[in-house]
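First comes the structure, then the notes that go with it.
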Amino acid sequence: MDDSLHLQPFLAQLACQAGKLALSMQSQLQEGDVSCKATVRDIVTAADQATERFIRQAVEKRFPHHRFYGEETGRSQDNGNPYCWIVDPIDGTVSYYEGQLYWCTSIALWKDGKPLAGAVYAPALDELYYGEAGKGAFCNGRPIHVRSHGSLEQSVLSTGFSCLRAGWTEGNNVPFFAQIGLHCRGVRRFGSAAMDICYVACGKSDGFWELNLQPYDYAAAMVVLLEAGGQVTDLRGGGEYPRQGILATNGAIHQEMLRFFPNYSRLRD
Ligand code: IPD
Ligand code: CA
Ligand code: CA
């Protein structure tokens with residue numbers, strides 16, 4: 001544990017400030033503030049960029065020797081420091097752009113490749129999730145825990161389809177979605193992987209899976225979920241996430257969920 005870093009106040013305040021900055025820009029966005037990444041289906045807004053710059057400046061001021069990896073500004077030079085900040089300024093950009101509720105700012109600190117602390121703030125819902133290794137998980141300051149029911153039939157799950165946006169015509173999530181949907185109470189598609197995982201952590205759902213995520217999509221929410229008693233593996237039950245997909249559950253349904261992905265192997269780079 002790294003008590004000397006006093007992470008909680010810094011991370012929680014930074015996630016809230018950054019999320020509120022993004023929220024304040026939402027209604028002001030003009031057409032010229034939106035551009036495309038790899039394809040026209042993959043957008044980034046001026047708010048994604050401004051929010052990440054705001055977070056990066058604050059982190060670099062407070063922890064100048066730590067490494068940084070953000071979706072919009074990329075990786076800092078590898079200086080060998082064990083600490084790395086992993087940031088998604090807006091997870092759920094499409095929802096954000098469309099004025100919907102499920103998007104968040106996600107800030108994680110990992111040490112030696114392992115999750116140490118994470119804050120996820122959803123401004124439109126005013127929900128702040130925080131987790132720190134060995135110290136528990138919280139939503140707006142109240143302790144949270146996964147729910148323990150182990151029946152898939154009674155479970156509510158969520159997933160995402162970044163594989164479709166990336167053009168995976170084969171080996172994508174559609175057949176898994178169709179199959180799993182037959183065996184649970186419902187499958188939600190909220191549009192933010194970080195929120196999906198935080199919902200498992202606080203017992204509003206039981207599990208989440210996706211095939212094509214990046215570390216910044218789950219780095220913070222994963223700390224929250226693990227501290228809330230949940231479980232995270234790849235789709236084969238091992239540790240090769242996100243490359244071999246990711247499965248994040250309440251723990252109780254984990255083995256049953258894994259049965260839907262027998263010998264899963266990613267087809268595309
Ligand atoms: C996306 C969201 C979405 C998931 C996509 C991610 P972004 O993040 O987490 O739920 O399905 O794979 O890319 O692009 O809005 O930061
Ligand atoms: Ca994301
Ligand atoms: Ca993003």
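The chains in the structure tokens are called A, B, ... from first to last as shown; in each chain the residues are counted from 1, and the ligands are counted from 1 in the order shown.
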
Practice prompt. Could you give me, as JSON, numbers by chain, every polymer residue with an atom at most 9 Å away from an atom of ligand 1, counting only C-alpha atoms and all ligand atoms?
Written response: {"A": [42, 43, 44, 48, 71, 88, 89, 90, 91, 92, 93, 94, 95, 96, 103, 104, 159, 160, 161, 162, 163, 165, 166, 189, 190, 191, 192, 193, 194, 195, 196, 210, 211, 212, 213, 214, 216, 217, 218]}

Write out as a ChimeraX atom specification each polymer residue whose atoms come within 9 Å of Pro115 in chain A, counting only C-alpha atoms; drop sequence neighbours fewer than 4 positions from it. /A:108-111,132-133,219-220,222-223

(message) When DSSP is applied to the backbone of this structure, which of range 87-264 of chain A are assigned helix (DSSP H, G or I)? Write them out as a PyMOL selection string.
(response) chain A and resi 93-97+152-154+162-165+174-181+193-201+215-227+254-258

Residues from last step as file, C-alpha atoms, as a PDB file, in the first residue's frame:
```
ATOM      1  CA  THR A  93     -17.771   9.672 -26.118  1.00  0.00           C
ATOM      2  CA  VAL A  94     -20.684   8.738 -28.377  1.00  0.00           C
ATOM      3  CA  SER A  95     -23.109   8.943 -25.425  1.00  0.00           C
ATOM      4  CA  TYR A  96     -21.498  12.221 -24.362  1.00  0.00           C
ATOM      5  CA  TYR A  97     -21.836  13.676 -27.852  1.00  0.00           C
ATOM      6  CA  LEU A 152     -27.235 -16.597 -14.403  1.00  0.00           C
ATOM      7  CA  GLU A 153     -30.982 -16.722 -15.068  1.00  0.00           C
ATOM      8  CA  GLN A 154     -31.500 -13.959 -12.487  1.00  0.00           C
ATOM      9  CA  SER A 162     -16.277  -1.806 -30.067  1.00  0.00           C
ATOM     10  CA  CYS A 163     -15.398  -4.798 -32.248  1.00  0.00           C
ATOM     11  CA  LEU A 164     -18.144  -3.744 -34.688  1.00  0.00           C
ATOM     12  CA  ARG A 165     -16.929  -0.153 -34.759  1.00  0.00           C
ATOM     13  CA  VAL A 174     -22.765 -10.623 -31.906  1.00  0.00           C
ATOM     14  CA  PRO A 175     -22.945 -14.446 -31.561  1.00  0.00           C
ATOM     15  CA  PHE A 176     -21.903 -14.238 -27.864  1.00  0.00           C
ATOM     16  CA  PHE A 177     -24.540 -11.567 -27.256  1.00  0.00           C
ATOM     17  CA  ALA A 178     -27.247 -13.714 -28.875  1.00  0.00           C
ATOM     18  CA  GLN A 179     -26.248 -16.825 -26.933  1.00  0.00           C
ATOM     19  CA  ILE A 180     -25.782 -15.196 -23.510  1.00  0.00           C
ATOM     20  CA  GLY A 181     -29.003 -13.231 -23.922  1.00  0.00           C
ATOM     21  CA  ALA A 193     -17.078   0.101 -20.336  1.00  0.00           C
ATOM     22  CA  ALA A 194     -15.911   1.902 -17.177  1.00  0.00           C
ATOM     23  CA  MET A 195     -19.513   2.493 -16.081  1.00  0.00           C
ATOM     24  CA  ASP A 196     -20.448  -1.083 -16.978  1.00  0.00           C
ATOM     25  CA  ILE A 197     -17.745  -2.376 -14.632  1.00  0.00           C
ATOM     26  CA  CYS A 198     -18.622   0.075 -11.838  1.00  0.00           C
ATOM     27  CA  TYR A 199     -22.222  -1.114 -12.044  1.00  0.00           C
ATOM     28  CA  VAL A 200     -21.065  -4.659 -11.396  1.00  0.00           C
ATOM     29  CA  ALA A 201     -19.034  -3.324  -8.457  1.00  0.00           C
ATOM     30  CA  PRO A 215      -6.321  -0.530 -20.891  1.00  0.00           C
ATOM     31  CA  TYR A 216      -7.677   2.998 -20.355  1.00  0.00           C
ATOM     32  CA  ASP A 217     -11.257   1.712 -20.814  1.00  0.00           C
ATOM     33  CA  TYR A 218     -11.120  -0.467 -17.673  1.00  0.00           C
ATOM     34  CA  ALA A 219      -7.981   0.477 -15.666  1.00  0.00           C
ATOM     35  CA  ALA A 220      -9.804   2.542 -13.020  1.00  0.00           C
ATOM     36  CA  ALA A 221     -13.078   0.606 -12.879  1.00  0.00           C
ATOM     37  CA  MET A 222     -11.172  -2.631 -12.435  1.00  0.00           C
ATOM     38  CA  VAL A 223      -9.697  -1.416  -9.131  1.00  0.00           C
ATOM     39  CA  VAL A 224     -13.196  -0.476  -7.980  1.00  0.00           C
ATOM     40  CA  LEU A 225     -14.564  -3.881  -8.936  1.00  0.00           C
ATOM     41  CA  LEU A 226     -11.754  -5.914  -7.361  1.00  0.00           C
ATOM     42  CA  GLU A 227     -12.087  -3.948  -4.123  1.00  0.00           C
ATOM     43  CA  HIS A 254     -17.778 -16.059 -13.366  1.00  0.00           C
ATOM     44  CA  GLN A 255     -17.296 -19.754 -14.127  1.00  0.00           C
ATOM     45  CA  GLU A 256     -20.729 -20.055 -15.674  1.00  0.00           C
ATOM     46  CA  MET A 257     -20.034 -17.035 -17.901  1.00  0.00           C
ATOM     47  CA  LEU A 258     -16.711 -18.476 -19.030  1.00  0.00           C
TER      48      LEU A 258
END
```

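The gap separating CA of Trp209 in chain A from CA of Arg147 in chain A is 17.2 Å, in Å to one decimal.
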
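Across A:Ala122, A:Ala137, A:Leu247, A:Ile253, the tightest approach to Ser155 in chain A is made by A:Ile253 when counting only C-alpha atoms.
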
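Residues surrounding Leu29 in chain A within 9 Å are Met25, Asp33, Val34, Thr45, Ala46, Ala47 and Tyr97 of chain A [only C-alpha atoms; sequence separation below 4 positions excluded].
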
Now that the selection is made, can you save its residues with C-alpha atoms as a tab-separated table (two decimals), in the first residue's frame?
```tsv
chain	number	residue	atom	x	y	z
A	25	MET	CA	-18.37	21.84	-22.63
A	33	ASP	CA	-15.21	20.44	-32.34
A	34	VAL	CA	-15.74	16.86	-33.48
A	45	THR	CA	-14.39	15.86	-29.44
A	46	ALA	CA	-12.56	18.96	-28.28
A	47	ALA	CA	-13.84	18.07	-24.80
A	97	TYR	CA	-21.84	13.68	-27.85
```
